[in-house]
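One file, entry14.cif, is given below (mmCIF, C-alpha atoms).
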```
data_my_file
#
loop_
_atom_site.label_atom_id
_atom_site.label_comp_id
_atom_site.auth_asym_id
_atom_site.auth_seq_id
_atom_site.Cartn_x
_atom_site.Cartn_y
_atom_site.Cartn_z
CA MET A 91 0.00 0.00 0.00
CA ILE A 92 1.34 3.45 -0.95
CA ASN A 93 2.10 5.84 1.89
CA GLN A 94 -0.34 8.72 1.31
CA ASP A 95 2.17 11.27 2.63
CA LYS A 96 4.72 10.17 0.05
CA GLN A 97 2.37 10.50 -2.90
CA GLN A 98 0.87 13.80 -1.74
CA ILE A 99 0.71 16.57 -4.36
CA ASN A 100 0.72 20.13 -3.09
CA ILE A 101 -0.65 22.88 -5.35
CA LYS A 102 -0.59 26.54 -4.36
CA GLY A 103 -0.93 29.87 -6.10
CA ILE A 104 2.09 32.09 -6.71
CA ARG A 105 2.46 35.39 -8.53
CA ASP A 106 3.10 33.77 -11.93
CA GLY A 107 0.56 30.95 -11.71
CA LEU A 108 0.76 27.68 -9.78
CA LEU A 109 3.53 25.87 -7.91
CA VAL A 110 3.07 22.09 -7.92
CA THR A 111 5.26 20.23 -5.41
CA LEU A 112 5.71 16.55 -6.20
CA GLY A 113 5.66 13.89 -3.48
CA SER A 114 8.31 11.18 -3.14
CA ALA A 115 6.27 8.15 -4.24
CA GLY A 116 7.15 6.21 -7.38
CA PHE A 117 6.57 8.07 -10.63
CA GLN A 118 3.38 6.27 -11.66
CA ASP A 119 1.82 6.64 -8.20
CA MET A 120 2.82 10.29 -8.11
CA ALA A 121 1.39 10.89 -11.59
CA ALA A 122 -1.85 9.19 -10.57
CA ALA A 123 -2.10 11.41 -7.47
CA LEU A 124 -1.45 14.49 -9.64
CA LEU A 125 -4.14 13.41 -12.11
CA ASP A 126 -6.62 13.05 -9.25
CA GLU A 127 -5.78 16.55 -7.95
CA LEU A 128 -6.18 18.08 -11.41
CA ARG A 129 -9.53 16.39 -11.94
CA GLN A 130 -10.86 17.57 -8.58
CA LYS A 131 -9.70 21.16 -9.01
CA GLN A 132 -9.93 21.62 -12.78
CA ALA A 133 -12.40 24.52 -12.59
CA PHE A 134 -10.14 26.30 -10.12
CA LEU A 135 -6.84 25.64 -11.89
CA GLN A 136 -7.52 25.67 -15.63
CA GLY A 137 -5.80 28.32 -17.70
CA SER A 138 -2.87 28.66 -15.28
CA ARG A 139 0.86 28.49 -15.90
CA VAL A 140 2.55 25.78 -13.83
CA MET A 141 5.95 25.50 -12.16
CA ILE A 142 6.97 22.06 -10.80
CA GLU A 143 8.97 21.74 -7.57
CA ALA A 144 10.80 18.41 -7.99
CA GLY A 145 13.33 18.69 -5.14
CA GLN A 146 15.60 15.62 -5.06
CA ARG A 147 13.26 13.58 -7.29
CA PRO A 148 15.03 12.47 -10.51
CA LEU A 149 12.91 13.00 -13.62
CA THR A 150 13.77 11.94 -17.16
CA THR A 151 12.84 13.81 -20.31
CA THR A 152 10.18 11.17 -21.01
CA GLN A 153 8.66 11.54 -17.54
CA LEU A 154 8.63 15.33 -17.75
CA ALA A 155 7.04 15.12 -21.19
CA GLU A 156 4.35 12.86 -19.71
CA LEU A 157 3.65 15.39 -16.95
CA GLN A 158 3.64 18.22 -19.50
CA ALA A 159 1.05 16.35 -21.58
CA LEU A 160 -1.03 15.75 -18.42
CA PHE A 161 -1.10 19.47 -17.65
CA THR A 162 -1.93 20.30 -21.27
CA ARG A 163 -4.95 17.97 -21.21
CA HIS A 164 -6.25 19.94 -18.22
CA GLU A 165 -5.69 23.32 -19.92
CA LEU A 166 -2.55 24.15 -17.97
CA GLU A 167 0.86 25.24 -19.25
CA LEU A 168 4.02 23.78 -17.72
CA TYR A 169 6.73 26.42 -18.07
CA ALA A 170 9.33 25.71 -15.36
CA VAL A 171 10.86 22.92 -13.26
CA LEU A 172 12.65 23.63 -9.99
CA ALA A 173 15.03 20.76 -9.25
CA GLU A 174 18.07 20.04 -7.09
CA ARG A 175 19.29 17.22 -9.32
CA GLU A 176 21.24 18.23 -12.42
CA GLU A 177 19.81 15.40 -14.55
CA THR A 178 16.29 16.70 -13.91
CA ARG A 179 17.31 20.23 -14.89
CA VAL A 180 18.96 18.91 -18.06
CA ALA A 181 15.78 17.00 -18.94
CA ALA A 182 13.70 20.13 -18.36
CA ARG A 183 15.93 22.26 -20.58
CA GLU A 184 15.66 19.65 -23.35
CA LEU A 185 11.91 20.33 -23.33
CA GLY A 186 12.43 24.09 -23.39
CA LEU A 187 11.41 24.56 -19.74
CA ALA A 188 13.00 27.10 -17.40
CA THR A 189 15.02 25.77 -14.44
CA ARG A 190 16.77 26.95 -11.32
CA LEU A 191 17.74 25.66 -7.88
CA PRO A 192 15.03 26.18 -5.24
CA GLY A 193 15.93 29.12 -3.03
CA SER A 194 18.79 30.30 -5.23
CA ASN A 195 19.32 33.97 -6.08
CA THR A 196 18.76 33.38 -9.80
CA ASP A 197 15.77 33.70 -12.05
CA LEU A 198 14.23 30.73 -13.86
CA ASN A 199 16.91 30.94 -16.56
CA GLY A 200 19.83 31.00 -14.08
CA ASN A 201 20.47 34.75 -14.24
CA ALA A 202 21.46 36.53 -11.02
CA LEU A 203 18.57 38.39 -9.39
CA PRO A 204 18.88 41.95 -8.03
CA ALA A 205 18.33 42.34 -4.29
CA LEU A 206 14.63 42.24 -3.48
CA GLN A 207 13.03 45.15 -1.68
CA PRO A 208 11.28 44.41 1.65
CA ALA A 209 7.88 45.19 0.12
CA ASN A 210 8.37 42.51 -2.53
CA ASN A 211 9.38 39.96 0.09
CA ALA A 212 6.32 40.76 2.19
CA ARG A 213 4.02 40.46 -0.80
CA GLU A 214 5.51 37.14 -1.86
CA ALA A 215 4.95 35.79 1.66
CA VAL A 216 1.28 36.76 1.40
CA LEU A 217 0.90 35.12 -2.00
CA ASN A 218 2.37 31.86 -0.72
CA SER A 219 0.22 31.79 2.41
CA PRO A 220 -2.17 28.81 2.64
CA GLY A 221 -4.78 31.01 4.37
CA GLY A 222 -6.44 34.15 3.08
CA LEU A 223 -4.88 36.32 0.39
CA LEU A 224 -4.87 40.12 0.83
CA LEU A 225 -4.04 42.32 -2.16
CA LYS A 226 -3.70 46.08 -1.70
CA GLU A 227 -3.83 47.09 -5.34
CA THR A 228 -6.10 47.59 -8.33
CA LEU A 229 -6.18 44.51 -10.57
CA ARG A 230 -5.91 45.75 -14.14
CA SER A 231 -6.86 44.09 -17.44
CA GLY A 232 -4.90 40.89 -18.05
CA ARG A 233 -4.18 40.23 -14.36
CA SER A 234 -5.31 36.86 -12.98
CA VAL A 235 -5.29 35.87 -9.31
CA TYR A 236 -5.75 32.22 -8.21
CA HIS A 237 -5.91 31.20 -4.56
CA GLU A 238 -7.37 28.20 -2.73
CA GLY A 239 -8.62 30.27 0.22
CA PRO A 240 -10.55 33.55 0.52
CA VAL A 241 -9.30 36.65 -1.31
CA VAL A 242 -9.60 40.30 -0.23
CA VAL A 243 -8.78 43.05 -2.73
CA ILE A 244 -8.36 46.58 -1.39
CA GLY A 245 -8.78 48.34 -4.72
CA ASP A 246 -10.74 47.79 -7.92
CA VAL A 247 -11.00 44.71 -10.13
CA ASN A 248 -11.02 46.20 -13.63
CA PRO A 249 -12.60 44.71 -16.78
CA GLY A 250 -10.29 42.03 -18.17
CA ALA A 251 -8.98 41.07 -14.72
CA GLU A 252 -10.09 37.93 -12.91
CA VAL A 253 -10.06 36.54 -9.38
CA ILE A 254 -10.60 32.82 -8.81
CA ALA A 255 -10.77 31.71 -5.18
CA GLY A 256 -11.65 28.60 -3.23
CA GLY A 257 -13.37 30.78 -0.60
CA ASP A 258 -15.08 34.17 -0.42
CA VAL A 259 -13.99 37.18 -2.50
CA ILE A 260 -14.20 40.65 -0.92
CA VAL A 261 -13.48 43.70 -3.08
CA TRP A 262 -13.09 46.96 -1.17
CA GLY A 263 -13.63 48.90 -4.35
CA ARG A 264 -15.40 48.49 -7.68
CA LEU A 265 -15.71 45.00 -9.13
CA ARG A 266 -15.91 45.16 -12.94
CA GLY A 267 -13.98 42.05 -13.96
CA LEU A 268 -14.61 38.30 -13.57
CA VAL A 269 -14.77 36.78 -10.10
CA HIS A 270 -15.23 33.09 -9.23
CA ALA A 271 -15.72 32.37 -5.52
CA GLY A 272 -16.08 28.87 -4.06
CA ALA A 273 -14.23 27.59 -7.12
CA LEU A 274 -13.60 24.21 -5.46
CA GLY A 275 -17.34 23.65 -5.02
CA ASP A 276 -18.25 25.74 -1.94
CA GLU A 277 -21.82 26.95 -2.59
CA THR A 278 -21.80 28.98 0.65
CA ALA A 279 -19.07 31.30 -0.66
CA VAL A 280 -19.99 34.95 -1.22
CA ILE A 281 -18.72 37.79 -3.39
CA CYS A 282 -18.86 41.30 -1.87
CA ALA A 283 -17.95 44.64 -3.40
CA LEU A 284 -18.53 48.34 -2.76
CA ALA A 285 -19.75 48.53 -6.36
CA LEU A 286 -20.81 45.27 -8.01
CA THR A 287 -20.76 45.69 -11.82
CA PRO A 288 -18.85 42.60 -13.02
CA THR A 289 -18.48 41.16 -16.48
CA GLN A 290 -19.24 37.75 -14.94
CA LEU A 291 -19.75 36.22 -11.50
CA ARG A 292 -19.36 32.58 -10.54
CA ILE A 293 -19.99 30.85 -7.25
CA ALA A 294 -19.21 27.12 -7.19
CA ASP A 295 -20.77 25.85 -10.46
CA GLN A 296 -23.29 28.69 -10.83
CA ILE A 297 -22.69 31.51 -13.34
CA ALA A 298 -24.32 34.95 -13.51
CA ILE A 299 -23.88 37.63 -16.16
CA PRO A 300 -25.26 41.02 -15.08
CA PRO A 301 -27.42 43.16 -17.35
CA ASP A 302 -25.71 45.72 -19.58
CA ASP A 303 -27.49 48.64 -17.94
CA ASN A 304 -25.52 49.64 -14.85
CA SER A 305 -26.66 53.25 -14.87
CA GLY A 306 -28.42 53.07 -11.50
CA LYS A 307 -26.95 54.30 -8.23
CA LEU A 308 -24.19 51.99 -7.04
CA SER A 309 -24.13 50.67 -3.48
CA PRO A 310 -22.31 47.88 -1.61
CA GLU A 311 -23.70 44.47 -2.58
CA GLN A 312 -22.95 40.81 -2.03
CA ALA A 313 -23.62 37.95 -4.40
CA ILE A 314 -24.79 34.64 -2.94
CA ILE A 315 -26.42 31.44 -4.12
CA ARG A 316 -30.08 31.24 -3.21
CA ASP A 317 -32.56 28.68 -4.58
CA GLY A 318 -29.95 27.39 -7.01
CA GLN A 319 -29.01 30.73 -8.60
CA ILE A 320 -26.76 33.69 -7.93
CA ILE A 321 -28.50 36.80 -6.63
CA ALA A 322 -27.24 40.17 -5.40
CA ILE A 323 -28.39 41.59 -2.06
CA PRO A 324 -27.31 44.67 -0.09
CA TRP A 325 -23.99 44.31 1.69
CA GLN A 326 -24.30 45.96 5.07
CA GLY A 327 -23.16 45.49 8.63
CA LYS A 328 -25.41 43.95 11.22
#
```
Structure re-expressed in structure tokens:
Amino acid sequence: MINQDKQQINIKGIRDGLLVTLGSAGFQDMAAALLDELRQKQAFLQGSRVMIEAGQRPLTTTQLAELQALFTRHELELYAVLAEREETRVAARELGLATRLPGSNTDLNGNALPALQPANNAREAVLNSPGGLLLKETLRSGRSVYHEGPVVVIGDVNPGAEVIAGGDVIVWGRLRGLVHAGALGDETAVICALALTPTQLRIADQIAIPPDDNSGKLSPEQAIIRDGQIIAIPWQGK
């Protein structure tokens, strides 16, 4: 029987997409565990760029190509492999994937990084947190945020930006982009904003597209699932 801890796959959101840490089980068992994770979280993960954290695990070009094909079938793009073993990095480079040593002061192509400012370090720590994600910024067109927990944005979510979260999404500003709360299936998740005029809202597997006419007076609202559909109600303190 396979030790579940050894075949565990850990997936978390980072600034440039997803970091997938591979367990230490045999390759086929690990690949099966990864496939199961991707199937369970496909709605949450699809469309993301993926970086693999291989650690001391040796991976051949054939094995990496198999993993790359697995991600592609689930609408994910494998772009980098972090590995401590040189043979794994060589295999990754043969497939055109970026590589670097975990924790090194180089970028994904091995170039030396400039010293990071404290603000960047603090932000990276927030992005890698397994709990809630707090962003103090306006999300502009083309920006995508993926997180398995709740997300709070202090700023606007502009048209063309998207937030996909496993928990609630709170926007302390104007929400005009796409937001998907409860992306892992939580129908109790809510979406709150000071001004709720999105291009699209999703909660769990429910989808709502607001009417084109948003000329009325804007006020804080929250979107919830009620009687099997998404509705907007006033967002106010008790």
Could you give me, as a PDB file with C-alpha atoms, keeping the file's coordinate frame, the residues within 7 Å of Gln146 (chain A), counting all atoms listed in the file and dropping anything in the same chain fewer than 3 positions from it?
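What landed in part-v2.pdb:
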```pdb
ATOM      1  CA  ALA A 173      15.030  20.760  -9.250  1.00  0.00           C
ATOM      2  CA  GLU A 174      18.070  20.040  -7.090  1.00  0.00           C
ATOM      3  CA  ARG A 175      19.290  17.220  -9.320  1.00  0.00           C
TER       4      ARG A 175
END
```
Specify as a PDB file with C-alpha atoms, in the coordinates of the input each residue included when the PyMOL selection byres ((chain A and resi 220-233) around 7) is applied to this file.
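As a result, part28.pdb now contains:
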```pdb
ATOM      1  CA  VAL A 216       1.280  36.760   1.400  1.00  0.00           C
ATOM      2  CA  LEU A 217       0.900  35.120  -2.000  1.00  0.00           C
ATOM      3  CA  ASN A 218       2.370  31.860  -0.720  1.00  0.00           C
ATOM      4  CA  SER A 219       0.220  31.790   2.410  1.00  0.00           C
ATOM      5  CA  SER A 234      -5.310  36.860 -12.980  1.00  0.00           C
ATOM      6  CA  VAL A 235      -5.290  35.870  -9.310  1.00  0.00           C
ATOM      7  CA  GLY A 239      -8.620  30.270   0.220  1.00  0.00           C
ATOM      8  CA  PRO A 240     -10.550  33.550   0.520  1.00  0.00           C
ATOM      9  CA  VAL A 241      -9.300  36.650  -1.310  1.00  0.00           C
ATOM     10  CA  VAL A 242      -9.600  40.300  -0.230  1.00  0.00           C
ATOM     11  CA  VAL A 243      -8.780  43.050  -2.730  1.00  0.00           C
ATOM     12  CA  ILE A 244      -8.360  46.580  -1.390  1.00  0.00           C
ATOM     13  CA  GLY A 245      -8.780  48.340  -4.720  1.00  0.00           C
ATOM     14  CA  ASP A 246     -10.740  47.790  -7.920  1.00  0.00           C
ATOM     15  CA  VAL A 247     -11.000  44.710 -10.130  1.00  0.00           C
ATOM     16  CA  ASN A 248     -11.020  46.200 -13.630  1.00  0.00           C
ATOM     17  CA  PRO A 249     -12.600  44.710 -16.780  1.00  0.00           C
ATOM     18  CA  GLY A 250     -10.290  42.030 -18.170  1.00  0.00           C
ATOM     19  CA  ALA A 251      -8.980  41.070 -14.720  1.00  0.00           C
ATOM     20  CA  GLU A 252     -10.090  37.930 -12.910  1.00  0.00           C
TER      21      GLU A 252
END
```
Please enumerate the residues selected by the PyMOL selection byres ((chain A and resi 290) around 10) when evaluated against the supplied file, formatted as a VMD selection string. chain A and resid 249 252 265 to 270 287 to 289 291 to 292 297 to 300
What's around region 307-320 of chain A at 10 Å? Count only C-alpha atoms, leave out sequence neighbours fewer than 2 positions away in its own chain, and write the answer as a PyMOL selection string. chain A and resi 259-264+271+277-287+291-299+304-305+322-326
What separation in Å, quoted to one decimal, exists between CA of Gly257 (chain A) and CA of Ala273 (chain A)?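 Separation of CA of Gly257 (chain A) and CA of Ala273 (chain A): 7.3 Å.
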What is the CA of Glu176 (chain A) to CA of Gly137 (chain A) distance in Å?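 Interatomic distance here is 29.3 Å.
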Using Å and a single decimal, report how far CA of Gly186 (chain A) sits from CA of Met141 (chain A).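 So the answer is 13.0 Å.
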Around (0.5, 24.6, -9.7) in the file's frame, which residues reach within 10 Å when counting all atoms listed in the file? Return as number ranges by chain? A: 99-104, 106-111, 128, 135, 138-143, 161, 166-168, 236
So which one's closest to Ala155 (chain A), A:Glu238, A:Arg129, A:Asp276, A:Val171? Using only C-alpha atoms, please.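 Smallest separation from Ala155 (chain A) among the options: A:Val171.
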Residue members of the PyMOL selection byres ((chain A and resi 149) around 12) in the file shown, as a ChimeraX atom specification: /A:112,114,116-118,120-121,142-148,150-157,171-183
All residues 7 Å or closer to His237 (chain A), only C-alpha atoms, same chain fewer than 4 positions away omitted, as a list in words: Gly103, Ile254, Ala255 and Gly256 of chain A
Which is closer to Gln130 (chain A) than all the others in A:Gly275, A:Ala170, A:Thr189, A:Leu160, using all atoms listed in the file?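 Between A:Gly275, A:Ala170, A:Thr189, A:Leu160, the residue approaching Gln130 (chain A) most closely is A:Gly275.
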